[in-house]
file final25.pdb (PDB, C-alpha atoms and all ligand atoms)
ATOM      1  CA  VAL A 166       0.000   0.000   0.000
ATOM      2  CA  SER A 167       1.578   3.290  -1.056
ATOM      3  CA  THR A 168       1.366   6.240   1.336
ATOM      4  CA  LYS A 169      -0.603   8.162  -1.259
ATOM      5  CA  ALA A 170      -3.400   5.602  -1.361
ATOM      6  CA  ALA A 171      -3.322   4.590   2.303
ATOM      7  CA  PRO A 172      -6.371   5.497   4.377
ATOM      8  CA  ALA A 173      -6.810   7.316   7.687
ATOM      9  CA  LEU A 174      -8.656   6.256  10.795
ATOM     10  CA  ALA A 175     -11.337   8.755  11.824
ATOM     11  CA  LEU A 176     -12.646   9.064  15.395
ATOM     12  CA  ASP A 177     -15.648  11.268  16.217
ATOM     13  CA  ILE A 178     -16.400  12.038  19.879
ATOM     14  CA  GLY A 179     -20.011  13.113  20.323
ATOM     15  CA  GLY A 180     -21.877  13.756  23.552
ATOM     16  CA  THR A 181     -24.116  10.725  23.085
ATOM     17  CA  LYS A 182     -22.340   8.681  20.390
ATOM     18  CA  LEU A 183     -18.822   7.685  19.403
ATOM     19  CA  ALA A 184     -18.373   7.030  15.677
ATOM     20  CA  VAL A 185     -15.284   5.581  14.021
ATOM     21  CA  GLY A 186     -14.366   4.475  10.513
ATOM     22  CA  VAL A 187     -11.546   4.075   8.026
ATOM     23  CA  VAL A 188     -11.611   6.814   5.371
ATOM     24  CA  GLY A 189      -9.977   6.499   1.969
ATOM     25  CA  HIS A 190      -8.792   9.244  -0.387
ATOM     26  CA  ASP A 191     -12.082   8.879  -2.265
ATOM     27  CA  GLY A 192     -14.061   9.737   0.902
ATOM     28  CA  VAL A 193     -15.472   6.231   1.190
ATOM     29  CA  VAL A 194     -15.833   4.984   4.791
ATOM     30  CA  SER A 195     -15.318   1.343   5.687
ATOM     31  CA  GLY A 196     -15.667  -0.438   9.014
ATOM     32  CA  MET A 197     -17.898   2.260  10.486
ATOM     33  CA  ILE A 198     -18.859   1.579  14.109
ATOM     34  CA  VAL A 199     -21.182   3.710  16.265
ATOM     35  CA  GLU A 200     -21.593   3.143  20.012
ATOM     36  CA  PRO A 201     -22.873   5.155  22.989
ATOM     37  CA  THR A 202     -20.348   7.572  24.514
ATOM     38  CA  HIS A 203     -21.232   7.159  28.215
ATOM     39  CA  ARG A 204     -19.416  10.456  28.797
ATOM     40  CA  GLU A 205     -20.025  10.212  32.555
ATOM     41  CA  GLU A 206     -17.319   7.503  32.674
ATOM     42  CA  GLY A 207     -14.777  10.271  32.071
ATOM     43  CA  PRO A 208     -12.124  10.793  29.405
ATOM     44  CA  ASP A 209      -9.732   7.936  30.265
ATOM     45  CA  ARG A 210     -12.269   5.122  30.003
ATOM     46  CA  VAL A 211     -14.184   6.641  27.073
ATOM     47  CA  ILE A 212     -11.018   7.251  25.056
ATOM     48  CA  GLU A 213      -9.799   3.716  25.791
ATOM     49  CA  ARG A 214     -13.091   2.396  24.345
ATOM     50  CA  LEU A 215     -12.839   4.820  21.406
ATOM     51  CA  PHE A 216      -9.379   3.507  20.511
ATOM     52  CA  ALA A 217     -10.589  -0.098  20.868
ATOM     53  CA  MET A 218     -13.406   0.755  18.418
ATOM     54  CA  GLY A 219     -10.763   2.204  16.092
ATOM     55  CA  ARG A 220      -8.773  -1.046  16.161
ATOM     56  CA  ARG A 221     -11.931  -3.060  15.432
ATOM     57  CA  SER A 222     -12.758  -0.709  12.564
ATOM     58  CA  ILE A 223      -9.321  -1.265  11.003
ATOM     59  CA  VAL A 224      -9.795  -5.045  11.252
ATOM     60  CA  ALA A 225     -13.343  -4.795   9.860
ATOM     61  CA  SER A 226     -11.896  -2.891   6.888
ATOM     62  CA  GLY A 227      -9.562  -5.797   6.138
ATOM     63  CA  LEU A 228      -6.477  -3.783   7.058
ATOM     64  CA  SER A 229      -3.696  -3.971   9.609
ATOM     65  CA  GLN A 230      -2.802  -1.051  11.858
ATOM     66  CA  SER A 231       0.441  -0.411   9.925
ATOM     67  CA  GLU A 232      -1.588   0.388   6.797
ATOM     68  CA  ILE A 233      -3.200   3.450   8.454
ATOM     69  CA  VAL A 234      -1.262   6.661   7.737
ATOM     70  CA  GLY A 235      -2.892   8.937  10.281
ATOM     71  CA  VAL A 236      -5.744   9.505  12.700
ATOM     72  CA  GLY A 237      -8.267  12.333  12.362
ATOM     73  CA  ILE A 238     -10.240  13.132  15.513
ATOM     74  CA  SER A 239     -13.333  15.322  15.514
ATOM     75  CA  CYS A 240     -14.953  16.719  18.638
ATOM     76  CA  GLY A 241     -17.055  19.693  19.680
ATOM     77  CA  GLY A 242     -15.308  22.725  21.123
ATOM     78  CA  PRO A 243     -13.875  24.542  22.872
ATOM     79  CA  LEU A 244     -10.686  22.780  21.815
ATOM     80  CA  ASP A 245      -7.171  23.712  20.699
ATOM     81  CA  SER A 246      -6.603  22.062  17.337
ATOM     82  CA  ASN A 247      -2.970  23.187  17.109
ATOM     83  CA  ALA A 248      -2.111  21.573  20.449
ATOM     84  CA  GLY A 249      -4.493  18.642  19.875
ATOM     85  CA  VAL A 250      -6.165  19.241  23.227
ATOM     86  CA  LEU A 251      -9.845  19.196  24.225
ATOM     87  CA  LEU A 252     -10.120  22.243  26.503
ATOM     88  CA  THR A 253     -13.592  22.148  28.057
ATOM     89  CA  PRO A 254     -15.944  20.636  25.451
ATOM     90  CA  LEU A 255     -19.510  21.848  26.134
ATOM     91  CA  HIS A 256     -20.974  18.415  25.361
ATOM     92  CA  LEU A 257     -18.532  16.546  27.635
ATOM     93  CA  PRO A 258     -18.933  18.000  31.128
ATOM     94  CA  GLY A 259     -15.918  17.417  33.379
ATOM     95  CA  TRP A 260     -13.506  16.749  30.506
ATOM     96  CA  VAL A 261     -10.754  19.337  30.967
ATOM     97  CA  ASP A 262      -7.487  19.692  29.009
ATOM     98  CA  VAL A 263      -7.537  16.188  27.491
ATOM     99  CA  PRO A 264      -4.538  15.737  25.096
ATOM    100  CA  VAL A 265      -6.492  13.424  22.820
ATOM    101  CA  ALA A 266      -4.287  13.852  19.720
ATOM    102  CA  SER A 267      -1.081  12.761  21.467
ATOM    103  CA  MET A 268      -2.967   9.879  23.117
ATOM    104  CA  ALA A 269      -4.139   8.717  19.669
ATOM    105  CA  ALA A 270      -0.675   9.182  18.154
ATOM    106  CA  SER A 271       0.844   6.859  20.788
ATOM    107  CA  ALA A 272      -1.989   4.345  20.563
ATOM    108  CA  PHE A 273      -1.796   4.008  16.767
ATOM    109  CA  ASP A 274       1.840   5.039  16.213
ATOM    110  CA  VAL A 275       0.996   7.526  13.432
ATOM    111  CA  PRO A 276       0.357  11.303  13.371
ATOM    112  CA  ALA A 277      -3.003  12.286  14.857
ATOM    113  CA  ILE A 278      -4.861  15.521  14.184
ATOM    114  CA  LEU A 279      -7.709  17.089  16.159
ATOM    115  CA  VAL A 280     -10.353  19.138  14.365
ATOM    116  CA  ASN A 281     -13.546  20.833  15.536
ATOM    117  CA  ASP A 282     -16.495  18.590  14.592
ATOM    118  CA  ALA A 283     -18.338  21.269  12.637
ATOM    119  CA  THR A 284     -15.115  22.152  10.803
ATOM    120  CA  ALA A 285     -14.778  18.441  10.005
ATOM    121  CA  GLY A 286     -18.376  18.509   8.763
ATOM    122  CA  ALA A 287     -17.590  21.456   6.478
ATOM    123  CA  CYS A 288     -14.523  19.617   5.201
ATOM    124  CA  GLY A 289     -16.519  16.431   4.515
ATOM    125  CA  GLU A 290     -19.364  18.190   2.695
ATOM    126  CA  TYR A 291     -16.902  20.304   0.688
ATOM    127  CA  ARG A 292     -14.758  17.382  -0.430
ATOM    128  CA  PHE A 293     -17.364  14.621  -0.823
ATOM    129  CA  GLY A 294     -20.885  15.952  -0.152
ATOM    130  CA  ALA A 295     -23.261  18.769  -1.041
ATOM    131  CA  GLY A 296     -20.450  21.315  -1.501
ATOM    132  CA  ARG A 297     -18.395  19.249  -3.933
ATOM    133  CA  GLY A 298     -17.002  21.364  -6.749
ATOM    134  CA  ALA A 299     -17.870  24.684  -5.086
ATOM    135  CA  ASP A 300     -15.286  27.360  -4.279
ATOM    136  CA  SER A 301     -16.787  28.648  -1.012
ATOM    137  CA  ILE A 302     -19.199  26.775   1.229
ATOM    138  CA  LEU A 303     -20.687  27.305   4.659
ATOM    139  CA  TYR A 304     -21.778  24.314   6.715
ATOM    140  CA  LEU A 305     -24.319  24.857   9.461
ATOM    141  CA  THR A 306     -25.045  21.898  11.722
ATOM    142  CA  ILE A 307     -28.298  21.904  13.646
ATOM    143  CA  SER A 308     -28.576  19.125  16.194
ATOM    144  CA  THR A 309     -28.751  19.196  20.021
ATOM    145  CA  GLY A 310     -26.717  22.400  19.708
ATOM    146  CA  MET A 311     -25.579  24.312  16.631
ATOM    147  CA  GLY A 312     -22.189  24.656  15.017
ATOM    148  CA  GLY A 313     -20.643  25.646  11.757
ATOM    149  CA  GLY A 314     -17.647  25.571   9.504
ATOM    150  CA  ALA A 315     -16.478  27.239   6.337
ATOM    151  CA  VAL A 316     -14.343  26.620   3.289
ATOM    152  CA  LEU A 317     -13.650  30.032   1.776
ATOM    153  CA  ASN A 318     -12.099  30.391  -1.672
ATOM    154  CA  GLY A 319     -10.970  26.804  -1.440
ATOM    155  CA  LYS A 320      -9.389  27.111   1.997
ATOM    156  CA  LEU A 321     -10.695  25.572   5.206
ATOM    157  CA  HIS A 322     -11.272  28.214   7.881
ATOM    158  CA  HIS A 323     -10.078  27.300  11.385
ATOM    159  CA  GLY A 324      -9.605  30.534  13.293
ATOM    160  CA  ALA A 325      -6.777  31.166  15.750
ATOM    161  CA  ALA A 326      -7.376  28.117  17.953
ATOM    162  CA  GLY A 327      -9.558  25.950  15.725
ATOM    163  CA  ASN A 328     -13.037  27.052  16.820
ATOM    164  CA  GLY A 329     -13.799  29.520  14.022
ATOM    165  CA  GLY A 330     -17.281  29.290  12.507
ATOM    166  CA  GLU A 331     -19.424  29.096  15.648
ATOM    167  CA  PHE A 332     -22.467  30.108  13.633
ATOM    168  CA  GLY A 333     -24.883  29.002  16.374
ATOM    169  CA  HIS A 334     -23.985  32.073  18.386
ATOM    170  CA  ILE A 335     -25.149  34.653  15.885
ATOM    171  CA  MET A 336     -27.540  36.852  17.861
ATOM    172  CA  VAL A 337     -31.023  36.991  16.404
ATOM    173  CA  HIS A 338     -32.964  38.449  19.386
ATOM    174  CA  ASP A 339     -30.952  40.859  21.550
ATOM    175  CA  GLY A 340     -31.854  40.147  25.182
ATOM    176  CA  GLY A 341     -33.744  36.992  24.180
ATOM    177  CA  ARG A 342     -33.515  33.405  25.406
ATOM    178  CA  ALA A 343     -30.483  32.291  27.432
ATOM    179  CA  CYS A 344     -27.876  30.495  25.309
ATOM    180  CA  THR A 345     -25.360  27.820  26.377
ATOM    181  CA  CYS A 346     -22.569  30.347  25.654
ATOM    182  CA  GLY A 347     -23.770  32.748  28.375
ATOM    183  CA  ARG A 348     -25.295  35.356  26.079
ATOM    184  CA  PHE A 349     -28.984  35.911  25.358
ATOM    185  CA  GLY A 350     -30.765  35.596  22.030
ATOM    186  CA  CYS A 351     -28.365  33.456  19.976
ATOM    187  CA  VAL A 352     -29.890  31.459  17.101
ATOM    188  CA  GLU A 353     -28.977  28.224  18.941
ATOM    189  CA  ALA A 354     -31.421  29.193  21.719
ATOM    190  CA  TYR A 355     -34.285  29.082  19.160
ATOM    191  CA  ALA A 356     -33.358  26.673  16.375
ATOM    192  CA  ALA A 357     -31.249  23.902  17.967
ATOM    193  CA  GLY A 358     -33.060  20.634  18.659
ATOM    194  CA  SER A 359     -32.854  21.035  22.432
ATOM    195  CA  ALA A 360     -34.163  24.611  22.211
ATOM    196  CA  ILE A 361     -37.120  23.637  20.010
ATOM    197  CA  ALA A 362     -38.087  20.873  22.453
ATOM    198  CA  ALA A 363     -37.593  23.155  25.484
ATOM    199  CA  ARG A 364     -39.768  25.907  24.018
ATOM    200  CA  ALA A 365     -42.588  23.450  23.324
ATOM    201  CA  ARG A 366     -42.392  22.230  26.954
ATOM    202  CA  GLU A 367     -42.456  25.843  28.213
ATOM    203  CA  PHE A 368     -45.596  26.685  26.222
ATOM    204  CA  ILE A 369     -47.319  23.565  27.562
ATOM    205  CA  ALA A 370     -46.198  24.319  31.152
ATOM    206  CA  ALA A 371     -47.696  27.801  30.704
ATOM    207  CA  GLY A 372     -51.071  26.193  29.985
ATOM    208  CA  ARG A 373     -51.208  26.213  26.171
ATOM    209  CA  PRO A 374     -53.168  23.178  24.905
ATOM    210  CA  SER A 375     -51.142  20.951  22.579
ATOM    211  CA  VAL A 376     -51.148  17.369  21.304
ATOM    212  CA  LEU A 377     -47.456  17.338  22.265
ATOM    213  CA  SER A 378     -48.478  17.219  25.947
ATOM    214  CA  ASN A 379     -49.471  13.559  25.398
ATOM    215  CA  LEU A 380     -45.875  12.592  24.633
ATOM    216  CA  VAL A 381     -43.584  11.218  27.358
ATOM    217  CA  GLU A 382     -40.659  13.172  25.947
ATOM    218  CA  ILE A 383     -40.932  15.912  23.307
ATOM    219  CA  THR A 384     -38.247  16.103  20.613
ATOM    220  CA  SER A 385     -37.680  18.640  17.839
ATOM    221  CA  ALA A 386     -38.751  15.913  15.372
ATOM    222  CA  ASP A 387     -42.132  15.722  17.166
ATOM    223  CA  VAL A 388     -42.505  19.505  16.941
ATOM    224  CA  ALA A 389     -41.773  19.359  13.191
ATOM    225  CA  ALA A 390     -44.142  16.415  12.707
ATOM    226  CA  PHE A 391     -47.074  18.159  14.420
ATOM    227  CA  ALA A 392     -46.421  21.692  13.082
ATOM    228  CA  ALA A 393     -49.123  21.322  10.426
ATOM    229  CA  ILE A 394     -51.896  20.441  12.902
ATOM    230  CA  ASP A 395     -50.980  21.875  16.320
ATOM    231  CA  ASP A 396     -50.760  25.573  17.293
ATOM    232  CA  VAL A 397     -47.919  25.197  19.805
ATOM    233  CA  ALA A 398     -45.858  23.027  17.460
ATOM    234  CA  ALA A 399     -46.532  25.434  14.586
ATOM    235  CA  GLN A 400     -45.456  28.495  16.576
ATOM    236  CA  VAL A 401     -42.315  26.903  18.046
ATOM    237  CA  TRP A 402     -41.247  25.498  14.694
ATOM    238  CA  SER A 403     -41.914  28.673  12.704
ATOM    239  CA  GLU A 404     -40.112  30.873  15.247
ATOM    240  CA  GLY A 405     -37.174  28.455  15.206
ATOM    241  CA  MET A 406     -37.035  28.517  11.417
ATOM    242  CA  ALA A 407     -37.342  32.327  11.373
ATOM    243  CA  ALA A 408     -34.334  32.560  13.719
ATOM    244  CA  LEU A 409     -32.423  30.087  11.549
ATOM    245  CA  ALA A 410     -33.330  32.038   8.401
ATOM    246  CA  THR A 411     -32.138  35.316   9.951
ATOM    247  CA  ALA A 412     -28.778  33.809  10.888
ATOM    248  CA  ALA A 413     -28.464  32.093   7.497
ATOM    249  CA  THR A 414     -29.173  35.384   5.691
ATOM    250  CA  ASP A 415     -26.500  37.174   7.755
ATOM    251  CA  LEU A 416     -24.001  34.422   6.945
ATOM    252  CA  VAL A 417     -24.773  34.570   3.222
ATOM    253  CA  ASN A 418     -24.372  38.365   3.259
ATOM    254  CA  ILE A 419     -21.053  38.171   5.110
ATOM    255  CA  PHE A 420     -19.386  35.327   3.188
ATOM    256  CA  GLU A 421     -21.234  35.222  -0.164
ATOM    257  CA  PRO A 422     -20.781  31.432  -0.437
ATOM    258  CA  ASN A 423     -21.629  29.315  -3.482
ATOM    259  CA  VAL A 424     -23.389  26.809  -1.232
ATOM    260  CA  LEU A 425     -24.922  26.957   2.247
ATOM    261  CA  VAL A 426     -25.199  23.379   3.526
ATOM    262  CA  LEU A 427     -27.624  22.597   6.350
ATOM    263  CA  GLY A 428     -26.830  19.410   8.274
ATOM    264  CA  GLY A 429     -27.279  17.801  11.682
ATOM    265  CA  GLY A 430     -30.074  15.733  13.240
ATOM    266  CA  VAL A 431     -32.762  18.443  13.111
ATOM    267  CA  THR A 432     -32.409  18.616   9.299
ATOM    268  CA  ARG A 433     -33.817  15.064   9.078
ATOM    269  CA  SER A 434     -37.175  16.897   9.138
ATOM    270  CA  GLY A 435     -36.362  17.760   5.510
ATOM    271  CA  ASP A 436     -38.292  20.327   3.482
ATOM    272  CA  ILE A 437     -40.142  21.783   6.487
ATOM    273  CA  LEU A 438     -36.696  23.014   7.590
ATOM    274  CA  LEU A 439     -35.036  23.669   4.227
ATOM    275  CA  GLU A 440     -37.820  25.525   2.429
ATOM    276  CA  PRO A 441     -38.412  28.442   4.874
ATOM    277  CA  VAL A 442     -34.656  29.033   5.195
ATOM    278  CA  LYS A 443     -34.076  28.878   1.440
ATOM    279  CA  THR A 444     -37.016  31.207   0.733
ATOM    280  CA  ALA A 445     -35.882  33.775   3.308
ATOM    281  CA  VAL A 446     -32.251  33.749   2.168
ATOM    282  CA  LYS A 447     -33.206  34.167  -1.498
ATOM    283  CA  ARG A 448     -35.644  36.979  -0.577
ATOM    284  CA  ASP A 449     -33.648  38.844   2.108
ATOM    285  CA  ALA A 450     -29.936  38.466   1.346
ATOM    286  CA  LEU A 451     -28.240  41.189  -0.698
ATOM    287  CA  PRO A 452     -28.905  40.552  -4.399
ATOM    288  CA  PRO A 453     -25.470  39.319  -5.561
ATOM    289  CA  ALA A 454     -25.139  36.986  -2.562
ATOM    290  CA  ALA A 455     -28.737  35.763  -2.924
ATOM    291  CA  ALA A 456     -28.188  35.063  -6.623
ATOM    292  CA  ALA A 457     -24.915  33.205  -6.041
ATOM    293  CA  VAL A 458     -25.953  30.904  -3.199
ATOM    294  CA  GLU A 459     -27.579  27.486  -3.270
ATOM    295  CA  VAL A 460     -29.185  26.491   0.046
ATOM    296  CA  VAL A 461     -29.184  22.698   0.352
ATOM    297  CA  LEU A 462     -29.352  19.841   2.845
ATOM    298  CA  ALA A 463     -26.169  17.943   3.717
ATOM    299  CA  ARG A 464     -25.522  14.686   1.867
ATOM    300  CA  LEU A 465     -23.214  12.721   4.152
ATOM    301  CA  GLY A 466     -25.747  12.117   6.939
ATOM    302  CA  ASP A 467     -24.504  10.543  10.170
ATOM    303  CA  ALA A 468     -21.087   9.821   8.647
ATOM    304  CA  VAL A 469     -20.287  13.505   7.999
ATOM    305  CA  CYS A 470     -17.814  14.012  10.862
ATOM    306  CA  VAL A 471     -16.095  10.669  10.254
ATOM    307  CA  VAL A 472     -15.671  11.446   6.536
ATOM    308  CA  GLY A 473     -14.574  15.002   7.339
ATOM    309  CA  ALA A 474     -12.067  14.092  10.053
ATOM    310  CA  GLY A 475     -10.573  11.347   7.885
ATOM    311  CA  ALA A 476     -10.393  13.551   4.798
ATOM    312  CA  TYR A 477      -8.904  16.375   6.844
ATOM    313  CA  ALA A 478      -6.194  14.119   8.285
ATOM    314  CA  LEU A 479      -5.308  12.760   4.830
ATOM    315  CA  ASP A 480      -5.137  16.238   3.297
ATOM    316  CA  PHE A 481      -3.102  17.550   6.228
ATOM    317  CA  LEU A 482      -0.614  14.683   5.937
ATOM    318  CA  ARG A 483      -0.386  15.089   2.166
ATOM    319  CA  THR A 484       0.375  18.816   2.340
ATOM    320  CA  GLY A 485       2.340  18.637   5.602
ATOM    321  CA  THR A 486       0.568  21.716   6.924
ATOM    322  CA  GLU A 487      -2.863  23.233   7.082
ATOM    323  CA  GLU A 488      -1.428  26.372   5.502
ATOM    324  CA  GLY A 489      -2.838  26.432   2.014
ATOM    325  CA  LEU A 490      -4.901  23.304   2.523
ATOM    326  CA  TYR A 491      -7.153  23.084  -0.575
ATOM    327  CA  ALA A 492      -5.564  26.207  -2.041
TER     328      ALA A 492
HETATM  329 ZN    ZN B 501     -24.764  31.637  22.223
END

call {"tool": "encode", "arguments": {"input": "final25.pdb", "output": "structure tokens"}}
result
Amino acid sequence: VSTKAAPALALDIGGTKLAVGVVGHDGVVSGMIVEPTHREEGPDRVIERLFAMGRRSIVASGLSQSEIVGVGISCGGPLDSNAGVLLTPLHLPGWVDVPVASMAASAFDVPAILVNDATAGACGEYRFGAGRGADSILYLTISTGMGGGAVLNGKLHHGAAGNGGEFGHIMVHDGGRACTCGRFGCVEAYAAGSAIAARAREFIAAGRPSVLSNLVEITSADVAAFAAIDDVAAQVWSEGMAALATAATDLVNIFEPNVLVLGGGVTRSGDILLEPVKTAVKRDALPPAAAAVEVVLARLGDAVCVVGAGAYALDFLRTGTEEGLYA
């Protein structure tokens, strides 16, 4: 196996799920394994299990460990991608200053690279998904929380410490709902899955009648599913989509991308999410930006961070630096 063709191992550390796979230069994933994170066990035990999953993934791909040229690790921030350290990831309470890249490098005896999960998502969609062939793309992930990443004029944007592109913290209602970041009125506080579910519960607790009150646990998917027939669901969903559309329009005005890709678990609701955002962006963004942009759903689904982290590691190893990556 020549170095040029050799694949990378990709490890994605989510708050509820760990996902691993072997990623080739064509973006194809083999040996993908997804298991619960059990983050409460703490970083040492979780990372030990993550690496064991990685070894099983290599075997399942029909490879030996020596055929892997690098490890790409994706995780939510805050993190320091240059140092390869998880600082205080919001989705992993109690994990502080975990040097996950050096741990992976010793475990697999190859270079290991840490990348913000939404940046990995942007990388995956740009190289192998909905942004393929475009010059500039923005990737907005809408799941339990919100995140984002950007490839601008063919270059992946990281920011100074690797957390650039936190599009979930664009303020859409000054003084509005409390956000996980400590400010009030960020788009995440209205359009993220947890926020949509929380708002529905608040309306019901305040005495608004709703079919959602019959559910044991309300999810954003339930709110989307009942939006056509239930007043509370309709209001929560439409206000969430209006917030998302406002943030998306700002982003399109600022960056003038060729493609705005919407991904993450909440986008499984499909057109009921895509259409209002697309309509608002095309109507409200400045004319040249509105004319240039395509607003689309992500294509890589649950594998997006695995594909992105693997592709990022391979590109990084090929160029030897992130300077000029994709340039
Ligand atoms: Zn915020």

call {"tool": "resolve_selection", "arguments": {"input": "final25.pdb", "expression": "the PyMOL selection byres (((chain A and resi 245-247) around 8) and not hetatm)", "output": "ChimeraX atom specification"}}
result
/A:243-244,248-252,278-281,326-328

call {"tool": "closest_atom_pairs", "arguments": {"input": "final25.pdb", "of": "chain A", "to": "ligand ZN 501 (chain B)", "cutoff": "12 Å", "atoms": "only C-alpha atoms and all ligand atoms", "output": "JSON lines"}}
result
{"residue": "A:Leu255", "atom": "CA", "partner": "B:ZN501", "partner_atom": "ZN", "distance": 11.8}
{"residue": "A:Gly310", "atom": "CA", "partner": "B:ZN501", "partner_atom": "ZN", "distance": 9.8}
{"residue": "A:Met311", "atom": "CA", "partner": "B:ZN501", "partner_atom": "ZN", "distance": 9.3}
{"residue": "A:Gly312", "atom": "CA", "partner": "B:ZN501", "partner_atom": "ZN", "distance": 10.4}
{"residue": "A:Glu331", "atom": "CA", "partner": "B:ZN501", "partner_atom": "ZN", "distance": 8.8}
{"residue": "A:Phe332", "atom": "CA", "partner": "B:ZN501", "partner_atom": "ZN", "distance": 9.0}
{"residue": "A:Gly333", "atom": "CA", "partner": "B:ZN501", "partner_atom": "ZN", "distance": 6.4}
{"residue": "A:His334", "atom": "CA", "partner": "B:ZN501", "partner_atom": "ZN", "distance": 3.9}
{"residue": "A:Ile335", "atom": "CA", "partner": "B:ZN501", "partner_atom": "ZN", "distance": 7.0}
{"residue": "A:Met336", "atom": "CA", "partner": "B:ZN501", "partner_atom": "ZN", "distance": 7.3}
{"residue": "A:Val337", "atom": "CA", "partner": "B:ZN501", "partner_atom": "ZN", "distance": 10.1}
{"residue": "A:His338", "atom": "CA", "partner": "B:ZN501", "partner_atom": "ZN", "distance": 11.0}
{"residue": "A:Asp339", "atom": "CA", "partner": "B:ZN501", "partner_atom": "ZN", "distance": 11.1}
{"residue": "A:Gly340", "atom": "CA", "partner": "B:ZN501", "partner_atom": "ZN", "distance": 11.5}
{"residue": "A:Gly341", "atom": "CA", "partner": "B:ZN501", "partner_atom": "ZN", "distance": 10.6}
{"residue": "A:Arg342", "atom": "CA", "partner": "B:ZN501", "partner_atom": "ZN", "distance": 9.5}
{"residue": "A:Ala343", "atom": "CA", "partner": "B:ZN501", "partner_atom": "ZN", "distance": 7.8}
{"residue": "A:Cys344", "atom": "CA", "partner": "B:ZN501", "partner_atom": "ZN", "distance": 4.5}
{"residue": "A:Thr345", "atom": "CA", "partner": "B:ZN501", "partner_atom": "ZN", "distance": 5.7}
{"residue": "A:Cys346", "atom": "CA", "partner": "B:ZN501", "partner_atom": "ZN", "distance": 4.3}
{"residue": "A:Gly347", "atom": "CA", "partner": "B:ZN501", "partner_atom": "ZN", "distance": 6.3}
{"residue": "A:Arg348", "atom": "CA", "partner": "B:ZN501", "partner_atom": "ZN", "distance": 5.4}
{"residue": "A:Phe349", "atom": "CA", "partner": "B:ZN501", "partner_atom": "ZN", "distance": 6.8}
{"residue": "A:Gly350", "atom": "CA", "partner": "B:ZN501", "partner_atom": "ZN", "distance": 7.2}
{"residue": "A:Cys351", "atom": "CA", "partner": "B:ZN501", "partner_atom": "ZN", "distance": 4.6}
{"residue": "A:Val352", "atom": "CA", "partner": "B:ZN501", "partner_atom": "ZN", "distance": 7.2}
{"residue": "A:Glu353", "atom": "CA", "partner": "B:ZN501", "partner_atom": "ZN", "distance": 6.3}
{"residue": "A:Ala354", "atom": "CA", "partner": "B:ZN501", "partner_atom": "ZN", "distance": 7.1}
{"residue": "A:Tyr355", "atom": "CA", "partner": "B:ZN501", "partner_atom": "ZN", "distance": 10.3}
{"residue": "A:Ala356", "atom": "CA", "partner": "B:ZN501", "partner_atom": "ZN", "distance": 11.5}
{"residue": "A:Ala357", "atom": "CA", "partner": "B:ZN501", "partner_atom": "ZN", "distance": 11.0}
{"residue": "A:Ala360", "atom": "CA", "partner": "B:ZN501", "partner_atom": "ZN", "distance": 11.7}

call {"tool": "resolve_selection", "arguments": {"input": "final25.pdb", "expression": "the PyMOL selection byres (((chain A and resi 405-409) around 7) and not hetatm)", "output": "list in words"}}
result
Val337, Val352, Tyr355, Ala356, Ile361, Val401, Trp402, Ser403, Glu404, Ala410, Thr411, Ala412, Ala413, Leu438, Pro441 and Val442 of chain A

call {"tool": "write_last_selection", "arguments": {"input": "final25.pdb", "atoms": "C-alpha atoms", "output": "PDB file, in the coordinates of the input"}}
result
ATOM      1  CA  VAL A 337     -31.023  36.991  16.404  1.00  0.00           C
ATOM      2  CA  VAL A 352     -29.890  31.459  17.101  1.00  0.00           C
ATOM      3  CA  TYR A 355     -34.285  29.082  19.160  1.00  0.00           C
ATOM      4  CA  ALA A 356     -33.358  26.673  16.375  1.00  0.00           C
ATOM      5  CA  ILE A 361     -37.120  23.637  20.010  1.00  0.00           C
ATOM      6  CA  VAL A 401     -42.315  26.903  18.046  1.00  0.00           C
ATOM      7  CA  TRP A 402     -41.247  25.498  14.694  1.00  0.00           C
ATOM      8  CA  SER A 403     -41.914  28.673  12.704  1.00  0.00           C
ATOM      9  CA  GLU A 404     -40.112  30.873  15.247  1.00  0.00           C
ATOM     10  CA  ALA A 410     -33.330  32.038   8.401  1.00  0.00           C
ATOM     11  CA  THR A 411     -32.138  35.316   9.951  1.00  0.00           C
ATOM     12  CA  ALA A 412     -28.778  33.809  10.888  1.00  0.00           C
ATOM     13  CA  ALA A 413     -28.464  32.093   7.497  1.00  0.00           C
ATOM     14  CA  LEU A 438     -36.696  23.014   7.590  1.00  0.00           C
ATOM     15  CA  PRO A 441     -38.412  28.442   4.874  1.00  0.00           C
ATOM     16  CA  VAL A 442     -34.656  29.033   5.195  1.00  0.00           C
TER      17      VAL A 442
END

call {"tool": "resolve_selection", "arguments": {"input": "final25.pdb", "expression": "the PyMOL selection byres (((chain A and resi 187) around 9) and not hetatm)", "output": "compact mmCIF listing (two decimals) with C-alpha atoms, in the frame of the given file"}}
result
# COMPACT_ATOMS: atom_id res chain seq x y z
CA PRO A 172 -6.37 5.50 4.38
CA ALA A 173 -6.81 7.32 7.69
CA LEU A 174 -8.66 6.26 10.80
CA ALA A 175 -11.34 8.76 11.82
CA LEU A 176 -12.65 9.06 15.40
CA VAL A 185 -15.28 5.58 14.02
CA GLY A 186 -14.37 4.47 10.51
CA VAL A 188 -11.61 6.81 5.37
CA GLY A 189 -9.98 6.50 1.97
CA VAL A 193 -15.47 6.23 1.19
CA VAL A 194 -15.83 4.98 4.79
CA SER A 195 -15.32 1.34 5.69
CA GLY A 196 -15.67 -0.44 9.01
CA MET A 197 -17.90 2.26 10.49
CA GLY A 219 -10.76 2.20 16.09
CA SER A 222 -12.76 -0.71 12.56
CA ILE A 223 -9.32 -1.26 11.00
CA SER A 226 -11.90 -2.89 6.89
CA ILE A 233 -3.20 3.45 8.45
CA VAL A 471 -16.10 10.67 10.25
CA VAL A 472 -15.67 11.45 6.54
CA GLY A 475 -10.57 11.35 7.88
